[in-house]
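File shown: entry09.cif. Contents: mmCIF, C-alpha atoms.
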data_entry
loop_
_atom_site.label_atom_id
_atom_site.label_comp_id
_atom_site.auth_asym_id
_atom_site.auth_seq_id
_atom_site.Cartn_x
_atom_site.Cartn_y
_atom_site.Cartn_z
CA MET Y 23 13.19 -1.65 -6.96
CA LYS Y 24 11.71 -3.69 -4.11
CA GLY Y 25 8.03 -3.69 -3.13
CA VAL Y 26 6.59 -3.74 0.39
CA VAL Y 27 2.94 -4.35 1.28
CA LEU Y 28 2.04 -3.33 4.84
CA ALA Y 29 -0.78 -5.60 5.99
CA GLY Y 30 -0.54 -5.68 9.77
CA GLY Y 31 -2.67 -3.96 12.40
CA LEU Y 32 -5.73 -5.05 14.30
CA GLY Y 33 -8.35 -3.52 12.01
CA THR Y 34 -10.49 -2.43 14.95
CA ARG Y 35 -12.58 -0.11 12.77
CA LEU Y 36 -13.88 -3.20 11.00
CA SER Y 37 -14.75 -5.13 14.15
CA PRO Y 38 -16.46 -7.60 14.59
CA LEU Y 39 -15.35 -8.80 11.12
CA THR Y 40 -11.72 -8.63 12.24
CA ARG Y 41 -12.19 -10.63 15.41
CA VAL Y 42 -11.54 -13.81 13.45
CA THR Y 43 -9.32 -12.63 10.58
CA ASN Y 44 -6.91 -9.94 9.46
CA LYS Y 45 -8.75 -7.11 7.68
CA HIS Y 46 -6.55 -7.49 4.59
CA LEU Y 47 -7.99 -10.96 4.06
CA LEU Y 48 -11.56 -9.67 3.89
CA PRO Y 49 -13.22 -9.78 0.46
CA VAL Y 50 -13.44 -6.74 -1.78
CA TYR Y 51 -15.97 -7.83 -4.39
CA ASN Y 52 -14.61 -11.12 -5.73
CA ARG Y 53 -11.06 -11.20 -4.33
CA PRO Y 54 -9.30 -10.84 -0.98
CA MET Y 55 -8.28 -7.27 -0.20
CA ILE Y 56 -4.57 -8.12 -0.16
CA PHE Y 57 -4.67 -9.11 -3.85
CA TYR Y 58 -5.15 -5.52 -4.99
CA PRO Y 59 -1.97 -3.90 -3.57
CA ILE Y 60 0.13 -6.85 -4.74
CA GLU Y 61 -1.26 -6.40 -8.25
CA THR Y 62 -0.46 -2.68 -8.05
CA LEU Y 63 3.20 -3.53 -7.44
CA VAL Y 64 3.33 -6.21 -10.14
CA ASN Y 65 1.73 -3.86 -12.66
CA ALA Y 66 4.46 -1.35 -11.80
CA GLU Y 67 7.06 -3.94 -12.89
CA ILE Y 68 8.05 -4.77 -9.31
CA ARG Y 69 8.56 -8.47 -8.77
CA ASP Y 70 10.52 -8.71 -5.50
CA ILE Y 71 7.84 -8.20 -2.84
CA LEU Y 72 7.67 -8.40 0.95
CA ILE Y 73 4.38 -8.78 2.86
CA VAL Y 74 4.52 -7.35 6.39
CA THR Y 75 1.74 -8.68 8.59
CA GLY Y 76 1.09 -9.57 12.21
CA GLY Y 77 -1.45 -10.80 14.73
CA GLN Y 78 -2.86 -14.26 15.22
CA ASN Y 79 -3.90 -14.69 11.59
CA ALA Y 80 -0.49 -14.11 10.01
CA GLY Y 81 -0.29 -17.73 8.87
CA ASP Y 82 -3.41 -17.27 6.76
CA PHE Y 83 -1.44 -15.01 4.40
CA LEU Y 84 0.95 -17.83 3.61
CA ARG Y 85 -1.94 -20.23 2.99
CA LEU Y 86 -3.66 -17.72 0.71
CA LEU Y 87 -0.72 -16.25 -1.17
CA SER Y 88 1.80 -19.10 -1.05
CA ASP Y 89 4.76 -18.20 -3.27
CA GLY Y 90 2.84 -15.62 -5.31
CA LYS Y 91 1.93 -17.81 -8.28
CA ASP Y 92 -1.48 -16.13 -8.59
CA PHE Y 93 0.41 -12.97 -9.56
CA GLY Y 94 2.91 -14.56 -11.89
CA LEU Y 95 5.62 -14.50 -9.20
CA HIS Y 96 8.06 -17.23 -8.28
CA HIS Y 97 8.53 -16.09 -4.69
CA LEU Y 98 7.00 -13.92 -1.97
CA ASN Y 99 8.75 -12.72 1.19
CA TYR Y 100 7.07 -12.36 4.59
CA ALA Y 101 7.85 -10.44 7.79
CA TYR Y 102 6.01 -10.42 11.11
CA GLN Y 103 5.21 -7.24 13.05
CA GLU Y 104 4.67 -7.53 16.77
CA GLY Y 105 2.09 -5.07 18.09
CA GLU Y 106 1.02 -1.83 16.43
CA GLY Y 107 3.41 1.07 16.14
CA GLY Y 108 2.32 2.85 12.98
CA ILE Y 109 3.21 2.63 9.30
CA ALA Y 110 6.83 3.67 9.77
CA ASP Y 111 7.30 1.13 12.56
CA ALA Y 112 6.06 -1.66 10.29
CA LEU Y 113 8.18 -0.43 7.40
CA ARG Y 114 11.46 -0.75 9.29
CA LEU Y 115 11.02 -4.53 9.19
CA ALA Y 116 11.84 -4.28 5.48
CA GLU Y 117 15.36 -2.91 5.94
CA HIS Y 118 17.16 -6.24 5.52
CA PHE Y 119 14.89 -7.19 2.61
CA THR Y 120 15.51 -4.00 0.60
CA ALA Y 121 19.31 -4.32 0.97
CA GLY Y 122 19.99 -0.70 0.02
CA GLU Y 123 17.68 -0.60 -3.00
CA LYS Y 124 14.88 1.86 -3.61
CA LEU Y 125 11.45 0.67 -2.56
CA CYS Y 126 7.78 1.17 -3.22
CA VAL Y 127 5.57 0.88 -0.15
CA ILE Y 128 1.83 0.32 -0.39
CA LEU Y 129 -0.70 -0.03 2.39
CA GLY Y 130 -2.57 -3.31 2.28
CA ASP Y 131 -6.02 -1.72 2.15
CA ASN Y 132 -5.30 0.61 -0.77
CA ILE Y 133 -7.12 -0.07 -4.04
CA ILE Y 134 -6.71 1.86 -7.27
CA GLN Y 135 -8.35 1.76 -10.66
CA GLY Y 136 -5.25 2.39 -12.74
CA ASN Y 137 -1.57 1.80 -12.08
CA VAL Y 138 1.48 3.64 -10.76
CA LEU Y 139 3.97 2.57 -13.41
CA GLU Y 140 4.64 6.14 -14.55
CA ALA Y 141 5.32 7.25 -10.95
CA LYS Y 142 7.65 4.29 -10.48
CA ARG Y 143 9.59 5.14 -13.65
CA ARG Y 144 9.81 8.75 -12.56
CA PHE Y 145 11.27 7.73 -9.22
CA ASP Y 146 13.66 5.33 -10.93
CA ALA Y 147 15.12 8.39 -12.66
CA GLN Y 148 15.22 10.40 -9.41
CA GLU Y 149 18.67 10.25 -7.84
CA HIS Y 150 17.50 10.12 -4.24
CA GLY Y 151 14.71 11.18 -1.90
CA GLY Y 152 11.05 10.21 -1.89
CA HIS Y 153 7.98 10.41 -4.08
CA ILE Y 154 4.33 10.46 -3.03
CA ILE Y 155 1.12 10.18 -5.02
CA LEU Y 156 -1.76 12.57 -4.36
CA LYS Y 157 -5.45 12.27 -5.08
CA GLN Y 158 -8.35 14.69 -4.63
CA VAL Y 159 -10.86 13.30 -2.12
CA PRO Y 160 -14.00 14.60 -0.42
CA ASP Y 161 -12.71 13.70 3.08
CA PRO Y 162 -9.00 14.66 3.26
CA GLU Y 163 -9.17 14.86 7.06
CA ARG Y 164 -9.06 11.04 7.14
CA PHE Y 165 -5.58 10.97 5.61
CA GLY Y 166 -2.29 12.72 5.38
CA CYS Y 167 -3.19 15.94 3.59
CA ALA Y 168 -0.85 17.97 1.36
CA GLU Y 169 -0.86 21.73 1.80
CA ILE Y 170 -0.10 23.06 -1.67
CA VAL Y 171 1.19 26.59 -2.32
CA ASP Y 172 1.92 27.80 -5.85
CA GLY Y 173 1.78 24.25 -7.18
CA ARG Y 174 4.29 22.90 -4.66
CA ILE Y 175 3.80 20.97 -1.43
CA ALA Y 176 4.47 23.28 1.52
CA ARG Y 177 3.67 20.78 4.27
CA ILE Y 178 1.89 17.51 4.87
CA HIS Y 179 -0.54 17.35 7.78
CA GLU Y 180 -1.61 14.06 9.36
CA LYS Y 181 -5.40 13.76 9.67
CA PRO Y 182 -5.95 17.52 10.09
CA LYS Y 183 -9.15 18.76 11.72
CA ARG Y 184 -9.32 21.46 9.05
CA ALA Y 185 -7.64 20.35 5.86
CA LYS Y 186 -5.79 23.01 3.85
CA SER Y 187 -6.54 21.24 0.58
CA ASN Y 188 -8.51 18.26 -0.64
CA TYR Y 189 -5.38 16.44 -1.80
CA ALA Y 190 -4.83 13.29 0.21
CA VAL Y 191 -1.56 11.40 0.27
CA THR Y 192 -2.46 7.98 -1.03
CA GLY Y 193 -1.01 4.97 0.73
CA ILE Y 194 1.59 4.45 -2.00
CA TYR Y 195 5.10 5.77 -1.33
CA PHE Y 196 8.49 5.59 -3.05
CA TYR Y 197 11.68 5.96 -1.00
CA ASP Y 198 15.41 5.59 -1.25
CA ALA Y 199 17.37 3.52 1.26
CA THR Y 200 17.77 6.44 3.71
CA ILE Y 201 14.19 5.79 4.81
CA PHE Y 202 15.38 3.40 7.52
CA GLU Y 203 17.85 5.86 8.98
CA ARG Y 204 15.04 8.42 9.09
CA ILE Y 205 12.68 6.01 10.83
CA GLY Y 206 15.32 5.59 13.53
CA LYS Y 207 15.10 9.33 14.25
CA LEU Y 208 11.32 9.39 14.69
CA LYS Y 209 9.56 9.88 17.98
CA PRO Y 210 6.03 8.58 18.59
CA SER Y 211 3.25 11.03 17.80
CA ALA Y 212 0.40 11.93 20.12
CA ARG Y 213 -1.28 8.78 18.80
CA GLY Y 214 1.66 6.74 20.06
CA GLU Y 215 2.74 5.82 16.52
CA LEU Y 216 5.71 6.44 14.25
CA GLU Y 217 4.06 8.51 11.54
CA ILE Y 218 4.89 8.13 7.86
CA THR Y 219 3.82 11.77 7.46
CA ASP Y 220 6.82 12.81 9.57
CA ILE Y 221 9.07 10.86 7.20
CA ASN Y 222 7.53 12.59 4.18
CA ASN Y 223 8.05 15.98 5.80
CA MET Y 224 11.72 15.13 6.41
CA PHE Y 225 12.22 14.58 2.68
CA LEU Y 226 10.16 17.70 1.96
CA GLU Y 227 12.32 19.88 4.20
CA GLU Y 228 15.42 18.64 2.38
CA GLY Y 229 13.86 19.41 -0.99
CA THR Y 230 13.99 15.78 -2.14
CA LEU Y 231 10.28 14.90 -2.02
CA THR Y 232 8.54 14.86 -5.40
CA HIS Y 233 4.91 14.11 -6.11
CA SER Y 234 2.48 13.15 -8.83
CA PHE Y 235 -1.28 12.84 -9.14
CA LEU Y 236 -3.11 9.54 -9.51
CA ASP Y 237 -5.37 8.94 -12.50
CA GLY Y 238 -8.57 6.98 -11.94
CA TRP Y 239 -10.20 6.34 -8.61
CA TRP Y 240 -8.49 5.45 -5.36
CA THR Y 241 -9.87 4.32 -2.02
CA ASP Y 242 -8.79 2.66 1.15
CA ALA Y 243 -10.89 -0.13 2.64
CA GLY Y 244 -10.25 0.26 6.34
CA THR Y 245 -13.72 1.32 7.49
CA PHE Y 246 -17.16 -0.09 6.80
CA GLU Y 247 -17.94 2.89 4.56
CA SER Y 248 -14.72 2.68 2.57
CA LEU Y 249 -14.91 -1.13 2.35
CA ARG Y 250 -18.36 -0.83 0.81
CA ARG Y 251 -17.13 1.92 -1.52
CA ALA Y 252 -14.19 -0.22 -2.61
CA THR Y 253 -16.44 -3.19 -3.30
CA ASN Y 254 -18.86 -1.07 -5.33
CA LEU Y 255 -16.09 0.61 -7.33
CA VAL Y 256 -14.44 -2.70 -8.20
CA ALA Y 257 -17.78 -4.26 -9.13
CA GLU Y 258 -18.89 -1.33 -11.26
CA THR Y 259 -15.70 -0.14 -12.95
CA GLY Y 260 -12.98 -2.67 -12.14
CA ALA Y 261 -9.68 -2.18 -10.37
CA ASN Y 262 -6.19 -2.77 -11.67
CA ARG Y 263 -5.79 -6.34 -12.89
CA LEU Y 264 -2.74 -8.18 -14.06
CA PRO Y 265 -2.49 -8.16 -17.88
CA ALA Y 266 -2.38 -11.94 -18.11
CA GLU Y 267 -5.03 -12.47 -15.41
CA PRO Y 268 -3.04 -15.37 -13.86
CA VAL Y 269 -5.81 -16.31 -11.42
CA ALA Y 270 -8.31 -16.85 -14.23
CA ALA Y 271 -5.69 -18.58 -16.35
CA ALA Y 272 -4.83 -20.96 -13.53
CA ALA Y 273 -8.50 -21.78 -13.04
CA ALA Y 274 -8.97 -22.42 -16.75
CA GLY Y 275 -5.92 -24.66 -16.81
CA SER Y 276 -7.24 -26.64 -13.89
CA LYS Y 277 -10.56 -27.27 -15.67
CA GLN Y 278 -8.81 -28.36 -18.83
CA GLY Y 279 -6.65 -30.74 -16.85
CA LYS Y 280 -9.68 -32.36 -15.26
CA SER Y 281 -11.54 -32.74 -18.55
CA GLY Y 282 -8.51 -34.34 -20.19
CA ARG Y 283 -8.27 -37.16 -17.66
#
Let me see whether you can do it: turn the structure in this file into structure tokens.
Amino acid sequence: MKGVVLAGGLGTRLSPLTRVTNKHLLPVYNRPMIFYPIETLVNAEIRDILIVTGGQNAGDFLRLLSDGKDFGLHHLNYAYQEGEGGIADALRLAEHFTAGEKLCVILGDNIIQGNVLEAKRRFDAQEHGGHIILKQVPDPERFGCAEIVDGRIARIHEKPKRAKSNYAVTGIYFYDATIFERIGKLKPSARGELEITDINNMFLEEGTLTHSFLDGWWTDAGTFESLRRATNLVAETGANRLPAEPVAAAAAGSKQGKSGR
């Protein structure tokens, strides 16, 4: 399975911080925001990862992440998105990279306490379709919101004015390779974007969309309020970290090397 981190956009809700940098490079407690979604993929046993970014600060991702050694990787892939056309528009840049394989997509400002390994393994065993992860939140109107009837998803509504449940669709999605064909059929929404919610509803209508519920806390970090919440949650309870803590190990190794000279 391939992994895709979507880290483009202008981040206008975090202006003026984002006037000089991409929002995914902003700090969340003691690490750049982009570290967290990459670690989510690595903890789900996904090692082949593409970072989709854009804007005038795209080169900063390469300087920060390099080839992925901080995450125990030997290589990272990069793609550049021109403009802003929505999540699905950014995702289609991954078609060549995925080469027909299943993929896990995560938004670059999504931070979780636990991991999604069980959801990944469940989707590995799923013949085709999609899989989304839900989480109860106090403000579902900010997200795609799942309308649940008799324990099953009846419909997903994008940022509804009146949510029909408090189950938000987290920014972590699993898809088969038909995702790109489906993106080609989308029309821009009233917001002028290609909506990932429309993709999820396509799978739902075909009966091939499964779902699970996320353990532990989850938050985005795309507004000042959620960025502060993410920082506090990480500081107080910790987010997902790589088992070997390669960043800390690299730092320790560097100190030992200096002392031995």
Segment 127-135 of chain Y surroundings by only C-alpha atoms, 9 Å radius, close-in-sequence under 2 positions cut, as an MDAnalysis selection string: chainID Y and resid 24:30 45:46 55:60 62:63 73 109 113 125 137 192:197 236:244 249 252 255:256 259:263
Pick from Y:Ile201, Y:Asp146, Y:Gly77, Y:Thr219, whichever lies nearest to His179 of chain Y using all atoms listed in the file: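 Distance minimum relative to His179 of chain Y lands on Y:Thr219.
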Atomic distance atom CA of Glu258 of chain Y - atom CA of Arg53 of chain Y, expressed in Å with one decimal: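 We find that atom CA of Glu258 of chain Y and atom CA of Arg53 of chain Y lie 14.4 Å from each other.
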Chain and number of each residue from the PyMOL selection byres ((chain Y and resi 69) around 10), as a PyMOL selection string: chain Y and resi 23-25+60+63-68+70-72+90+93-98
Computed interatomic separation between atom CA of Cys126 of chain Y and atom CA of Ile221 of chain Y (Å):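 Separation between atom CA of Cys126 of chain Y and atom CA of Ile221 of chain Y: 14.3 Å.
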Distance in Å - atom CA of Gly31 of chain Y versus atom CA of Phe246 of chain Y: 16.0 Å
Result set, the PyMOL selection byres ((chain Y and resi 51) around 7) on current file, as a ChimeraX atom specification: /Y:49-50,52-53,253,256-257
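Selection result for the displayed file, with the PyMOL selection byres ((chain Y and resi 103) around 6) as criterion, is Y:Thr75, Y:Gly76, Y:Tyr102, Y:Glu104.
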Selection: 9 Å around Gly214 of chain Y, only C-alpha atoms, excl. self and same-chain fewer than 4 positions, as a PyMOL selection string: chain Y and resi 107-108+209-210
Please put the answer as AutoDock Vina command-line options: centre and edge lengths, in Å with one decimal, of a box along x, y and z that encloses all listed atoms of segment 37-40 of chain Y plus 5 Å on each side.
--center_x -14.1 --center_y -7.0 --center_z 12.9 --size_x 14.7 --size_y 13.7 --size_z 13.5
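The smallest atom-to-atom distance between Glu227 of chain Y and any of Y:Leu84, Y:Ile155, Y:Ile178, Y:Leu48, using all atoms listed in the file, is found for Y:Ile178.
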